[in-house]
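Taking it in order: structure first as structure tokens, then the write-up.
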Amino acid sequence: MKCFVTGGAGFIGSSMIDRLLADGHQVCCYDNMSSGQERFLDNARKSADFTFILGDLLDAEKLAASMAGSDIVFHFAANADVRHGSEHPRRDLDQNTIGTYNVLAGMLAHNIRKIVFSSTGSIYGECKVVPTPEDAPFPVQTSLYGASKLAGEGLISAFCEAFQIRAWIFRFVSILGERYTHGHVYDFCRQLFEDPGHLKVLGDGTQRKSYLYVQDCVDAILHALDKATERVNIFNLGTDEYVQVSDSIAAICKELGATPKLEYSGGDRGWIGDNPFILLDCSRIRTLGWKPKFTINESIIKTVKFIDQNRWVFDARS
């Protein structure tokens with residue numbers, strides 16, 4: 001199978017590429033390197049079945065031409081900077097919604113009929129149903145990121161209906177693990193490396209979040225791709241547990257041997273659009289026979305170890 005992976009130099013995309021190559025597939029990575037990292041492709045570049053194309057989703061002509069000959073698209077490219085969406089409102093529209101339309105248009109141009117889409121649990125906003133199932137009451141959007149991803153889901157579903165495309169849409173909780181380069185564990189580690197005696201925390205530390213280890217995420221996607229047979233297949237991906245931010249801080253500090261003074265910004269959320277309680281009902285994908293292998297605490301520790309051993313990610317991200 002020839003796989004086209006957008007955002008393949010990123011955290012989840014590069015992890016998927018390594019797995020696809022290990023399974024014997026051909027892979028073409030398409031990435032503008034705005035947040036992707038060359039080092040994440042070191043393993044992939046050793047394979048004769050791997051090719052890389054530097055390109056942006058908004059370059060529709062180049063994107064479509066690059067997709068020629070592919071059997072399936074794994075669409076991971078996106079602006080994932082949820083916190084600063086209100087500062088750059090156009091960015092989510094361009095990279096997440098218009099970019100997704102351009103991917104779909106490129107698929108039509110080359111008769112590609114399968115797409116895997118990385119959506120987000122943020123599309124549920126502050127849903128009153130917790131744990132939140134895929135068929136929860138239609139959510140009121142609270143972040144530009146979530147709104148742009150939900151719009152992408154809508155485009156994909158409409159293309160599936162109009163053009164007989166098949167889709168696998170995954171609504172993730174936050175993903176942790178090796179190659180993780182943004183989010184709360186990254187931010188806390190960066191602060192603690194600079195000053196192990198002081199840590200600034202957005203909110204009051206009581207926010208409750210669910211997380212998933214990146215290799216569990218890859219396992220789930222490939223499992224659903226093999227087992228789910230509807231035209232449009234939508235799955236929540238996460239664990240059946242959650243942690244408070246304060247618990248996450250404790251695990252990080254224990255792993256690093258730090259005892260900082262905590263400075264809270266206050267309130268029950270960290271930024272505009274932050275949901276103070278995220279827990280997804282993942283029973284739908286559980287019925288296919290998948291379940292995560294790692295707990296949230298194990299995922300946090302694996303992430304801290306990676307960041308501690310690869311501090312170059314701070315310079316790369318900046």
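By order of appearance in the structure tokens: chains A, B, ..., then residues from 1 within every chain, and ligands from 1 in the order shown.
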
Leaving out stretch 145-161 of chain A and any residue of its chain fewer than 6 positions from it, which residues lie within 6 Å of it when counting only C-alpha atoms, given as a PyMOL selection string? chain A and resi 82+92-93+96-97+100+119+122-123

task: Going by DSSP on the backbone, which bits of stretch 259-290 of chain A are strand (DSSP E)? Write them as a list in words, please.
output: Lys261, Leu262, Glu263 and Tyr264 of chain A

Take the residues just selected and output them with N, CA and C atoms as a PDB file, in the first residue's frame.
```pdb
ATOM      1  N   LYS A 261       8.394  25.733  43.848  1.00  0.00           N
ATOM      2  CA  LYS A 261       7.272  26.497  44.376  1.00  0.00           C
ATOM      3  C   LYS A 261       6.306  26.735  43.225  1.00  0.00           C
ATOM      4  N   LEU A 262       5.033  26.425  43.434  1.00  0.00           N
ATOM      5  CA  LEU A 262       4.046  26.528  42.360  1.00  0.00           C
ATOM      6  C   LEU A 262       3.357  27.881  42.395  1.00  0.00           C
ATOM      7  N   GLU A 263       3.279  28.523  41.231  1.00  0.00           N
ATOM      8  CA  GLU A 263       2.601  29.818  41.089  1.00  0.00           C
ATOM      9  C   GLU A 263       1.434  29.641  40.118  1.00  0.00           C
ATOM     10  N   TYR A 264       0.204  29.700  40.635  1.00  0.00           N
ATOM     11  CA  TYR A 264      -0.987  29.478  39.820  1.00  0.00           C
ATOM     12  C   TYR A 264      -1.528  30.807  39.286  1.00  0.00           C
TER      13      TYR A 264
END
```

Fill in: Atom-to-atom span, atom CA of A:Lys209 and atom CA of A:Ile272, Å
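Taking atom CA of A:Lys209 and atom CA of A:Ile272, their separation equals 16.1 Å.
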
field: Given only C-alpha atoms as the counted atoms, nearest of A:Phe4, A:Phe235, A:Trp290, A:Phe163 to A:Asp31
entry: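 The shortest atom-to-atom distance to A:Asp31 comes from A:Phe4.
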
Which of stretch 116-246 of chain A fall in alpha helix (DSSP H), as JSON, numbers by chain
{"A": [144, 145, 146, 147, 148, 149, 150, 151, 152, 153, 154, 155, 156, 157, 158, 159, 160, 161, 162, 163, 184, 185, 186, 187, 188, 189, 190, 191, 192, 193, 194, 214, 215, 216, 217, 218, 219, 220, 221, 222, 223, 224, 225, 226, 227, 245, 246]}

For the residues in that selection, give me C-alpha atoms as a compact mmCIF listing (two decimals), in the first residue's frame.
```txt
# COMPACT_ATOMS: atom_id res chain seq x y z
CA LEU A 144 -11.19 28.13 17.08
CA TYR A 145 -9.10 24.97 16.85
CA GLY A 146 -12.05 22.74 17.72
CA ALA A 147 -14.33 24.62 15.33
CA SER A 148 -11.85 24.30 12.47
CA LYS A 149 -11.43 20.57 13.07
CA LEU A 150 -15.20 20.02 13.23
CA ALA A 151 -15.49 21.87 9.92
CA GLY A 152 -12.86 19.52 8.51
CA GLU A 153 -14.89 16.54 9.70
CA GLY A 154 -17.94 17.98 7.97
CA LEU A 155 -16.10 18.40 4.69
CA ILE A 156 -14.80 14.85 4.85
CA SER A 157 -18.24 13.41 5.59
CA ALA A 158 -19.77 15.38 2.72
CA PHE A 159 -17.06 14.24 0.30
CA CYS A 160 -17.62 10.65 1.41
CA GLU A 161 -21.30 10.95 0.56
CA ALA A 162 -20.80 12.75 -2.73
CA PHE A 163 -17.78 10.87 -4.09
CA HIS A 184 1.68 21.01 29.32
CA VAL A 185 4.38 18.38 29.95
CA TYR A 186 6.67 20.13 27.45
CA ASP A 187 5.98 23.54 29.03
CA PHE A 188 6.51 22.31 32.60
CA CYS A 189 9.76 20.54 31.68
CA ARG A 190 11.08 23.64 29.94
CA GLN A 191 10.36 25.77 32.99
CA LEU A 192 11.88 23.28 35.41
CA PHE A 193 15.06 22.89 33.36
CA GLU A 194 15.47 26.68 33.47
CA VAL A 214 1.39 7.93 21.10
CA GLN A 215 2.07 4.26 20.28
CA ASP A 216 -1.35 3.34 21.69
CA CYS A 217 -2.76 6.02 19.40
CA VAL A 218 -1.02 4.55 16.34
CA ASP A 219 -2.18 1.05 17.32
CA ALA A 220 -5.78 2.25 17.60
CA ILE A 221 -5.78 3.97 14.21
CA LEU A 222 -4.38 0.96 12.37
CA HIS A 223 -6.71 -1.40 14.26
CA ALA A 224 -9.78 0.65 13.31
CA LEU A 225 -8.58 0.94 9.72
CA ASP A 226 -8.54 -2.85 9.56
CA LYS A 227 -11.78 -3.53 11.46
CA VAL A 245 -3.05 18.99 36.33
CA SER A 246 -1.70 18.99 39.88
```

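Counting only C-alpha atoms and comparing A:Asp195, A:Asp59, A:Glu126, A:Asp281, the residue that lies closest to A:Asn102 is A:Asp59.
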
query = Nearest to A:Ile12 among A:Ser174, A:Val130, A:Ala68, A:Leu63, with distances taken over only C-alpha atoms: which residue is it?
reply =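 Closest candidate: A:Ser174.
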